[in-house]
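Data block for input.cif (mmCIF, C-alpha atoms and all ligand atoms):
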data_target
loop_
_atom_site.label_atom_id
_atom_site.label_comp_id
_atom_site.auth_asym_id
_atom_site.auth_seq_id
_atom_site.Cartn_x
_atom_site.Cartn_y
_atom_site.Cartn_z
CA MET A 1 33.01 12.46 -37.93
CA GLN A 2 32.70 11.15 -34.41
CA ILE A 3 29.20 9.87 -35.01
CA CYS A 4 30.53 7.97 -37.99
CA ASP A 5 33.13 6.45 -35.64
CA PHE A 6 30.34 5.08 -33.52
CA PHE A 7 28.37 3.46 -36.27
CA CYS A 8 31.40 2.45 -38.38
CA ASN A 9 33.31 0.90 -35.53
CA PHE A 10 30.53 -0.25 -33.30
CA ALA A 11 27.79 -1.22 -35.70
CA PRO A 12 28.79 -4.89 -35.54
CA LYS A 13 28.53 -4.52 -31.78
CA MET A 14 25.01 -3.09 -31.70
CA GLU A 15 23.77 -6.45 -30.51
CA ASN A 16 26.19 -6.15 -27.66
CA LEU A 17 24.92 -2.66 -26.79
CA TYR A 18 21.33 -3.92 -26.71
CA ARG A 19 22.30 -6.94 -24.62
CA GLN A 20 24.13 -4.83 -22.02
CA LEU A 21 21.35 -2.25 -21.90
CA TYR A 22 18.59 -4.83 -21.53
CA ASN A 23 20.49 -6.72 -18.83
CA TRP A 24 20.93 -3.52 -16.91
CA TYR A 25 17.23 -2.71 -17.36
CA ALA A 26 16.09 -6.17 -16.22
CA GLN A 27 18.03 -5.76 -12.99
CA ASN A 28 17.43 -2.10 -12.23
CA HIS A 29 14.16 -0.77 -13.61
CA ARG A 30 11.47 0.64 -11.35
CA ASP A 31 8.12 -1.12 -11.23
CA LEU A 32 5.64 1.49 -12.41
CA PRO A 33 1.98 0.83 -13.21
CA TRP A 34 2.13 2.28 -16.73
CA ARG A 35 4.89 -0.19 -17.58
CA GLU A 36 2.58 -3.08 -16.80
CA THR A 37 -0.07 -2.16 -19.31
CA GLU A 38 -0.41 -2.00 -23.07
CA ASP A 39 -3.46 0.24 -22.84
CA GLY A 40 -2.77 3.30 -25.00
CA TYR A 41 -5.07 5.47 -22.88
CA ALA A 42 -3.29 4.64 -19.61
CA ILE A 43 0.13 5.14 -21.19
CA TRP A 44 -0.93 8.47 -22.69
CA LEU A 45 -2.24 9.63 -19.30
CA SER A 46 1.03 8.69 -17.60
CA GLU A 47 3.10 10.44 -20.26
CA ILE A 48 1.16 13.70 -19.99
CA ILE A 49 1.32 13.64 -16.19
CA LEU A 50 5.04 12.92 -16.23
CA GLN A 51 5.88 15.88 -18.47
CA GLN A 52 7.46 18.37 -16.04
CA THR A 53 6.59 16.18 -13.03
CA ARG A 54 8.68 13.81 -10.94
CA VAL A 55 7.68 10.13 -10.98
CA ALA A 56 6.93 10.00 -7.24
CA GLN A 57 4.48 12.90 -7.47
CA GLY A 58 3.05 11.81 -10.83
CA LEU A 59 2.26 8.32 -9.56
CA GLU A 60 -0.36 9.55 -7.13
CA TYR A 61 -2.07 11.69 -9.81
CA TYR A 62 -1.95 8.83 -12.32
CA ARG A 63 -3.74 6.51 -9.88
CA ARG A 64 -6.36 9.12 -9.10
CA PHE A 65 -7.05 9.88 -12.77
CA ILE A 66 -7.28 6.21 -13.75
CA ALA A 67 -9.60 5.48 -10.83
CA ARG A 68 -11.86 8.40 -11.66
CA TRP A 69 -11.76 8.21 -15.47
CA PRO A 70 -10.75 4.64 -16.38
CA ASN A 71 -11.12 5.14 -20.14
CA VAL A 72 -11.13 7.86 -22.74
CA GLU A 73 -14.92 8.04 -22.99
CA ALA A 74 -15.20 8.77 -19.27
CA LEU A 75 -12.59 11.51 -19.48
CA ALA A 76 -14.26 13.04 -22.54
CA LYS A 77 -17.54 13.32 -20.64
CA ALA A 78 -15.99 15.09 -17.61
CA ASP A 79 -16.26 18.85 -17.12
CA GLU A 80 -13.07 20.76 -17.81
CA ALA A 81 -13.35 22.29 -14.32
CA GLU A 82 -13.37 18.81 -12.74
CA VAL A 83 -10.27 17.79 -14.70
CA LEU A 84 -8.48 20.98 -13.68
CA ARG A 85 -9.41 20.40 -10.08
CA GLU A 86 -8.03 16.86 -10.13
CA TRP A 87 -4.87 18.27 -11.73
CA GLN A 88 -4.52 20.86 -8.98
CA GLY A 89 -0.97 21.03 -7.62
CA LEU A 90 0.73 19.57 -10.71
CA GLY A 91 1.20 22.91 -12.47
CA TYR A 92 1.39 23.53 -16.23
CA TYR A 93 -2.39 23.39 -16.45
CA SER A 94 -2.43 23.54 -20.24
CA ARG A 95 -1.55 19.82 -20.02
CA ALA A 96 -4.85 19.12 -18.25
CA ARG A 97 -6.86 21.25 -20.68
CA ASN A 98 -5.23 19.51 -23.65
CA LEU A 99 -5.78 16.10 -22.07
CA HIS A 100 -9.48 16.80 -21.82
CA LYS A 101 -9.71 18.30 -25.31
CA ALA A 102 -7.78 15.35 -26.78
CA ALA A 103 -10.12 12.84 -25.08
CA GLN A 104 -13.09 14.58 -26.69
CA MET A 105 -11.38 14.53 -30.10
CA ILE A 106 -10.59 10.82 -29.79
CA VAL A 107 -14.22 10.02 -29.07
CA ALA A 108 -15.53 12.40 -31.76
CA ASN A 109 -13.19 10.84 -34.37
CA GLY A 110 -14.26 7.30 -33.46
CA TRP A 111 -10.72 6.45 -32.29
CA ALA A 112 -11.73 5.06 -28.89
CA PRO A 113 -10.45 3.19 -26.95
CA PHE A 114 -7.29 4.89 -28.27
CA PRO A 115 -5.78 5.61 -31.69
CA THR A 116 -3.01 3.29 -32.82
CA ARG A 117 -1.43 5.27 -35.68
CA PHE A 118 1.48 7.57 -34.85
CA GLU A 119 0.10 10.34 -37.09
CA ASP A 120 -3.36 10.27 -35.45
CA ILE A 121 -1.86 10.40 -31.96
CA ARG A 122 0.57 13.15 -32.98
CA SER A 123 -2.36 15.27 -34.26
CA LEU A 124 -3.94 15.47 -30.79
CA PRO A 125 -3.46 18.60 -28.66
CA GLY A 126 -0.60 18.42 -26.17
CA ILE A 127 1.18 15.59 -28.01
CA GLY A 128 4.54 16.07 -29.68
CA ASP A 129 6.93 13.62 -31.32
CA TYR A 130 8.22 12.31 -28.02
CA THR A 131 4.81 11.50 -26.52
CA ALA A 132 3.46 9.99 -29.74
CA GLY A 133 6.60 7.83 -30.06
CA ALA A 134 6.37 6.76 -26.43
CA ILE A 135 2.71 5.74 -26.78
CA VAL A 136 3.04 3.74 -30.00
CA SER A 137 6.20 1.98 -28.84
CA PHE A 138 5.07 1.22 -25.26
CA ALA A 139 1.49 0.32 -26.12
CA TYR A 140 1.85 -1.27 -29.55
CA ASN A 141 5.59 -2.04 -29.88
CA GLN A 142 5.83 0.08 -33.04
CA PRO A 143 9.37 1.09 -34.09
CA TYR A 144 9.33 4.79 -33.20
CA PRO A 145 11.91 6.45 -30.95
CA ALA A 146 10.86 8.32 -27.79
CA MET A 147 13.38 11.07 -27.12
CA ASP A 148 12.91 12.58 -23.68
CA GLY A 149 15.57 14.57 -21.82
CA ASN A 150 17.14 11.41 -20.43
CA VAL A 151 17.45 9.85 -23.86
CA TYR A 152 19.01 12.99 -25.34
CA ARG A 153 21.63 12.83 -22.62
CA VAL A 154 22.47 9.15 -23.16
CA VAL A 155 22.59 9.53 -26.95
CA ALA A 156 24.73 12.69 -26.74
CA ARG A 157 27.22 10.83 -24.57
CA LEU A 158 27.21 7.50 -26.39
CA LEU A 159 27.79 9.24 -29.72
CA ASP A 160 29.73 12.23 -28.34
CA ILE A 161 27.43 14.79 -29.98
CA ASP A 162 28.27 18.35 -28.97
CA GLU A 163 25.47 20.02 -30.97
CA ALA A 164 22.82 21.68 -28.73
CA PHE A 165 19.93 19.22 -28.59
CA ASP A 166 17.24 21.86 -28.07
CA THR A 167 17.69 23.74 -31.36
CA SER A 168 15.84 22.66 -34.48
CA ALA A 169 19.09 21.59 -36.19
CA GLY A 170 20.12 19.69 -33.04
CA LYS A 171 16.75 17.94 -32.79
CA LYS A 172 17.01 16.84 -36.40
CA LEU A 173 20.50 15.44 -35.86
CA PHE A 174 19.57 13.58 -32.66
CA HIS A 175 16.46 12.21 -34.28
CA LYS A 176 18.49 10.85 -37.19
CA GLU A 177 20.92 9.18 -34.79
CA ILE A 178 18.30 7.63 -32.52
CA GLU A 179 16.63 6.19 -35.61
CA ARG A 180 19.92 4.41 -36.31
CA LEU A 181 20.32 3.27 -32.71
CA LEU A 182 16.73 2.08 -32.25
CA ASP A 183 16.26 -1.66 -31.87
CA ARG A 184 13.54 -2.22 -34.46
CA GLU A 185 12.90 -5.75 -33.25
CA ASN A 186 12.18 -4.57 -29.69
CA PRO A 187 11.23 -0.88 -29.75
CA ARG A 188 9.18 -1.13 -26.53
CA LEU A 189 12.07 -2.62 -24.62
CA PHE A 190 14.68 -0.36 -26.21
CA ASN A 191 12.80 2.87 -25.44
CA SER A 192 11.95 1.79 -21.89
CA ALA A 193 15.52 0.71 -21.20
CA ILE A 194 17.33 3.72 -22.61
CA MET A 195 14.96 6.14 -20.82
CA GLU A 196 15.40 4.35 -17.53
CA PHE A 197 19.15 4.14 -18.02
CA GLY A 198 19.26 7.92 -18.48
CA ALA A 199 16.95 8.53 -15.53
CA LEU A 200 18.83 6.29 -13.07
CA TYR A 201 22.37 5.69 -14.27
CA CYS A 202 23.69 8.02 -16.97
CA THR A 203 22.52 10.99 -14.91
CA PRO A 204 23.52 14.66 -15.28
CA VAL A 205 26.15 14.29 -12.56
CA LEU A 206 28.02 11.08 -13.28
CA GLY A 207 30.22 10.56 -10.24
CA ASP A 208 31.99 7.23 -10.68
CA ASN A 209 29.26 5.69 -12.80
CA CYS A 210 31.31 5.60 -16.03
CA SER A 211 34.03 3.47 -14.49
CA ILE A 212 31.67 0.51 -14.04
CA CYS A 213 29.11 1.35 -16.73
CA PRO A 214 27.81 -1.61 -18.73
CA LEU A 215 27.84 0.56 -21.89
CA GLN A 216 31.33 1.91 -21.32
CA ALA A 217 32.89 -0.09 -24.19
CA GLN A 218 30.47 1.52 -26.65
CA CYS A 219 30.50 5.04 -25.24
CA LEU A 220 32.38 7.63 -27.31
CA GLY A 221 31.80 10.34 -24.69
CA TYR A 222 33.63 8.17 -22.19
CA ALA A 223 36.38 7.30 -24.66
CA HIS A 224 36.93 10.98 -25.51
CA GLY A 225 36.59 12.26 -21.93
CA THR A 226 33.63 14.52 -22.84
CA ALA A 227 30.75 12.63 -21.20
CA GLU A 228 30.34 14.98 -18.24
CA LEU A 229 30.09 18.01 -20.56
CA LEU A 230 27.21 16.53 -22.55
CA PRO A 231 24.53 17.13 -23.61
CA VAL A 232 24.90 20.74 -24.75
CA ARG A 233 21.92 23.11 -24.47
CA LYS A 234 21.31 26.42 -26.18
CA PRO A 235 21.65 29.42 -23.82
CA ARG A 236 18.55 29.78 -21.64
CA PRO A 237 16.23 32.79 -22.03
CA LYS A 238 16.28 35.31 -19.23
CA VAL A 239 13.88 34.61 -16.37
CA ARG A 240 11.21 37.30 -15.97
CA ASP A 241 10.25 38.51 -12.47
CA ARG A 242 6.62 39.36 -11.66
CA TRP A 243 5.02 40.67 -8.46
CA PHE A 244 1.50 39.95 -7.24
CA THR A 245 -0.59 41.08 -4.31
CA TYR A 246 -3.57 38.92 -3.43
CA HIS A 247 -6.51 40.62 -1.69
CA ILE A 248 -8.36 38.21 0.52
CA TYR A 249 -11.77 39.56 1.48
CA ILE A 250 -13.50 37.93 4.42
CA LYS A 251 -17.04 38.60 5.49
CA GLY A 252 -18.68 36.93 8.47
CA GLU A 253 -17.34 35.24 11.55
CA ARG A 254 -17.09 31.69 12.73
CA LEU A 255 -19.49 32.21 15.59
CA LYS A 256 -21.52 29.43 17.04
CA VAL A 257 -25.18 30.39 16.92
CA LYS A 258 -27.25 27.78 18.72
CA GLY A 259 -24.58 25.23 17.90
CA GLU A 260 -24.43 26.22 14.21
CA ARG A 261 -21.59 27.95 12.49
CA THR A 262 -22.18 31.21 10.71
CA PRO A 263 -20.73 30.87 7.22
CA VAL A 264 -17.76 32.93 6.21
CA TYR A 265 -17.66 34.35 2.72
CA THR A 266 -14.82 35.30 0.44
CA LEU A 267 -14.30 36.54 -3.07
CA ILE A 268 -12.55 34.72 -5.93
CA ARG A 269 -12.26 35.11 -9.66
CA ARG A 270 -11.26 33.03 -12.64
CA ARG A 271 -8.18 34.03 -14.59
CA GLU A 272 -9.35 34.81 -18.10
CA ALA A 273 -6.24 36.33 -19.67
CA LYS A 274 -4.14 34.06 -21.89
CA ASP A 275 -1.41 34.03 -19.33
CA ILE A 276 -0.22 31.65 -16.63
CA TRP A 277 -3.01 29.72 -14.83
CA TYR A 278 -5.57 30.31 -17.54
CA HIS A 279 -9.06 29.43 -16.25
CA LEU A 280 -7.89 28.71 -12.72
CA TYR A 281 -9.32 30.53 -9.73
CA GLU A 282 -7.57 32.83 -7.30
CA PHE A 283 -8.27 35.67 -4.89
CA PRO A 284 -8.51 39.09 -6.56
CA CYS A 285 -4.99 39.95 -7.43
CA GLU A 286 -3.07 42.94 -8.68
CA GLU A 287 0.17 42.74 -10.54
CA HIS A 288 2.86 45.31 -9.88
CA SER A 289 5.41 46.68 -12.21
CA GLY A 290 9.11 46.16 -11.66
CA VAL A 291 9.27 49.44 -9.77
CA GLN A 292 8.87 47.44 -6.56
CA SER A 293 11.41 44.92 -7.58
CA THR A 294 14.38 45.94 -5.52
CA GLU A 295 15.94 43.17 -3.49
CA HIS A 296 14.84 44.90 -0.32
CA ARG A 297 11.14 44.96 -1.21
CA VAL A 298 11.17 41.43 -2.57
CA GLN A 299 12.58 40.07 0.62
CA THR A 300 10.46 42.05 3.05
CA ASP A 301 7.12 42.44 1.29
CA PHE A 302 6.71 39.49 -1.05
CA PRO A 303 7.41 36.42 1.02
CA PHE A 304 6.34 33.84 -1.59
CA THR A 305 8.55 33.04 -4.51
CA HIS A 306 7.27 30.59 -7.05
CA LEU A 307 9.35 29.42 -10.00
CA LEU A 308 7.95 28.62 -13.40
CA SER A 309 10.09 27.72 -16.39
CA HIS A 310 10.65 31.33 -17.53
CA GLN A 311 9.12 33.35 -14.75
CA ARG A 312 9.89 34.00 -11.12
CA LEU A 313 6.76 35.07 -9.27
CA HIS A 314 6.83 37.03 -6.03
CA ALA A 315 3.62 37.21 -4.06
CA ARG A 316 2.13 38.56 -0.88
CA TYR A 317 -1.39 38.75 0.49
CA ILE A 318 -3.48 41.25 2.39
CA ILE A 319 -6.50 40.16 4.44
CA HIS A 320 -9.48 42.53 4.42
CA LYS A 321 -12.20 41.83 6.98
CA VAL A 322 -15.28 43.56 5.58
CA GLN A 323 -18.95 44.09 6.43
CA LYS A 324 -19.87 44.30 2.76
CA MET A 325 -18.04 42.67 -0.13
CA PRO A 326 -16.52 45.16 -2.59
CA GLU A 327 -17.88 45.07 -6.11
CA ILE A 328 -15.01 43.88 -8.26
CA PRO A 329 -15.89 42.93 -11.83
CA GLY A 330 -15.59 39.25 -12.65
CA THR A 331 -15.50 38.08 -9.04
CA LEU A 332 -17.64 35.50 -7.35
CA VAL A 333 -18.76 35.50 -3.71
CA ILE A 334 -18.44 32.00 -2.26
CA ARG A 335 -18.53 30.40 1.15
CA TRP A 336 -15.06 29.81 2.53
CA ASP A 337 -15.64 26.07 2.74
CA GLU A 338 -16.44 26.01 -1.00
CA LEU A 339 -12.87 27.02 -1.91
CA ASN A 340 -11.93 23.35 -2.28
CA ASP A 341 -14.49 22.98 -5.06
CA PHE A 342 -12.51 25.28 -7.35
CA ALA A 343 -9.31 24.61 -9.26
CA LEU A 344 -6.93 27.03 -7.61
CA SER A 345 -3.54 28.10 -8.91
CA ARG A 346 -0.50 26.61 -7.20
CA LEU A 347 0.52 29.97 -5.78
CA THR A 348 -2.96 30.52 -4.31
CA LEU A 349 -2.71 27.11 -2.64
CA ARG A 350 0.66 28.02 -1.15
CA VAL A 351 -0.72 31.31 0.16
CA LEU A 352 -3.67 29.42 1.67
CA ASP A 353 -1.39 26.88 3.32
CA THR A 354 0.69 29.57 4.94
CA MET A 355 -2.19 31.65 6.21
CA ARG A 356 -4.31 28.69 7.36
CA ALA A 357 -3.68 29.44 11.00
CA SER A 358 -5.09 32.96 10.74
CA LEU A 359 -8.10 32.16 8.57
CA PRO A 360 -11.47 30.44 8.97
CA ARG A 361 -11.66 26.66 8.85
S1 LIG A 401 30.09 5.40 -19.83
FE1 LIG A 401 29.31 7.09 -18.63
S2 LIG A 401 28.57 8.55 -20.14
FE2 LIG A 401 28.84 6.61 -21.21
S3 LIG A 401 26.82 5.68 -21.11
FE3 LIG A 401 27.97 4.93 -19.36
S4 LIG A 401 27.43 6.31 -17.68
FE4 LIG A 401 26.81 7.30 -19.60
#
In structure tokens, write the structure found in this file.
Amino acid sequence: MQICDFFCNFAPKMENLYRQLYNWYAQNHRDLPWRETEDGYAIWLSEIILQQTRVAQGLEYYRRFIARWPNVEALAKADEAEVLREWQGLGYYSRARNLHKAAQMIVANGWAPFPTRFEDIRSLPGIGDYTAGAIVSFAYNQPYPAMDGNVYRVVARLLDIDEAFDTSAGKKLFHKEIERLLDRENPRLFNSAIMEFGALYCTPVLGDNCSICPLQAQCLGYAHGTAELLPVRKPRPKVRDRWFTYHIYIKGERLKVKGERTPVYTLIRRREAKDIWYHLYEFPCEEHSGVQSTEHRVQTDFPFTHLLSHQRLHARYIIHKVQKMPEIPGTLVIRWDELNDFALSRLTLRVLDTMRASLPR
């Protein structure tokens, strides 16, 4: 009923909505390198990096990836391990694995420099409706919506939609409505502007923004006093706690023998289970059951807490100085200074950072 209000009463004013939104965008948007290109490959790269990553952090990775692999053929030829290593620190490593796999598929299918059809792009690993829509609209100005979290929020408020946007029924409803809102003459501009408006202005906490909002006259959420309550999400799944102990084996000393350093060795292994950090390296690690999960033990014995979307990881480490490396299946003896050559999990990097003072350099 309310959505009908919007389109029935405001449809003649759609031009006005676009005008206000585009004016706001012209004056307020951030200058970002992927906005200055129409290269599908570069836009795809930026979109994958920016999933689950803040713009400031993603920018640095985007520049590094483009410099190292300037086109899809170059990325397809890279080793997966190299791609994972360059991705190190960004988390959600399946994005990097899919990026690499997708580059190889693009080349194998003869779609280089980059596919232009929505359906072809959507068929690549790691690409959903949002990313495919973003690529075809930003790169080729094709009339597809790009619904990221910011856009869901703006649409929910503009149209006063109180259906949870992250259920399949909710997604269908929002998709139908954004199709009606989309400016088919200027899809590139419309998608860029509404995303940026959600990211910078129609933010989760509104403060006084509504009172001077350029879209206020068209906003049903504002008119009905519901804006701050929107969008609605489905209840979140329970976060699972996990406990890890890393065993850091060290053999050798940093002695100077006739001016030369004696190498120091350690032991690492690649995670092979289809679990978090698949195919990344870490020190041998044991996982504990929840029996050690009392508040007391967490606080005293597991000083690292690392949050993933549905898991809270607690970790600690034990250093073992040994004369002979233990034989642990699946492990690899490496020189300490070779650690940087491996794609390490984020938690391993945090452990390393903290213990740097007490370990070899
Ligand atoms: S009036 Fe408020 S809720 Fe509506 S679009 Fe503007 S900032 Fe968002």
(request) Select the residues contacting ligand LIG 401 (chain A) at a distance of at most 8 Å, based on only C-alpha atoms and all ligand atoms, then format the selection as number ranges by chain. (result) A: 154, 157-158, 198, 201-203, 206, 209-222, 227-228
(request) Would you mind telling me which residue in A:Leu159, A:Ile328, A:Gly89, A:Ser289 lies nearest to A:His224 when using all atoms listed in the file? (result)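 Smallest distance to A:His224 is found for A:Leu159.
Coordinates place atom CA of A:Leu332 at a distance of 26.1 Å from atom CA of A:Lys101.
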(request) Using all atoms listed in the file, find the one residue out of A:His288, A:Glu177, A:Gln51, A:Ala132 that sits nearest to A:Phe114. (result)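 Counting all atoms listed in the file, the residue closest to A:Phe114 is A:Ala132.
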(message) Just the number, please: distance in Å from atom CA of A:Met147 to atom CA of A:Thr131, one decimal.
(response)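 Here the two named atoms are 8.6 Å from each other.
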(message) Here is a test: counting all atoms listed in the file, which residue of A:Leu200, A:Leu308, A:Ala164, A:Met195 is nearest to A:Asn28?
(response)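 That would be A:Leu200, the residue with the smallest distance to A:Asn28.
Nearest to A:Arg117 of all the residues A:Glu38, A:Lys321, A:Ser137, A:Ile268 is A:Ser137, based on all atoms listed in the file.
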(request) Please indicate the distance in Å from atom CA of A:Ala223 to atom CA of A:Asp208, rounded to one decimal place. (result)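 Interatomic distance here is 14.7 Å.
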(request) Choose the residue, out of A:Val83, A:Leu50, A:Ala139, A:Ile194, that has the smallest atom-to-atom separation from A:Tyr22; count only C-alpha atoms. (result)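 For A:Tyr22, the nearest of the candidates is A:Ile194.
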(message) I need the residue nearest A:Arg350 from this list: A:Arg316, A:Lys274, A:Lys238, A:Arg63. Use only C-alpha atoms for the distance.
(response)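 For A:Arg350, the nearest of the candidates is A:Arg316.
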(request) Would you be able to write out as a ChimeraX atom specification which residues have an atom within 12 Å of (-2.2, 10.6, -17.0) in the file's coordinates, counting only C-alpha atoms? (result) /A:33-34,39-51,53,55,57-72,75,83,86-87,90,95-96,98-100,103,131,135
Taking the point (-17.0, 29.9, 5.4) as given in the file, collect each protein or nucleic acid residue that comes within 6 Å of it, counting all atoms listed in the file, and present the set as a compact mmCIF listing (two decimals) with C-alpha atoms, keeping the file's coordinate frame.
# COMPACT_ATOMS: atom_id res chain seq x y z
CA PRO A 263 -20.73 30.87 7.22
CA VAL A 264 -17.76 32.93 6.21
CA TYR A 265 -17.66 34.35 2.72
CA ARG A 335 -18.53 30.40 1.15
CA TRP A 336 -15.06 29.81 2.53
CA ASP A 337 -15.64 26.07 2.74
Axis-aligned box for all listed atoms of stretch 152-169 of chain A, 4 Å per side, centre and edges in Å to one decimal, as AutoDock Vina command-line options:
--center_x 22.8 --center_y 15.6 --center_z -29.4 --size_x 21.9 --size_y 24.2 --size_z 21.6
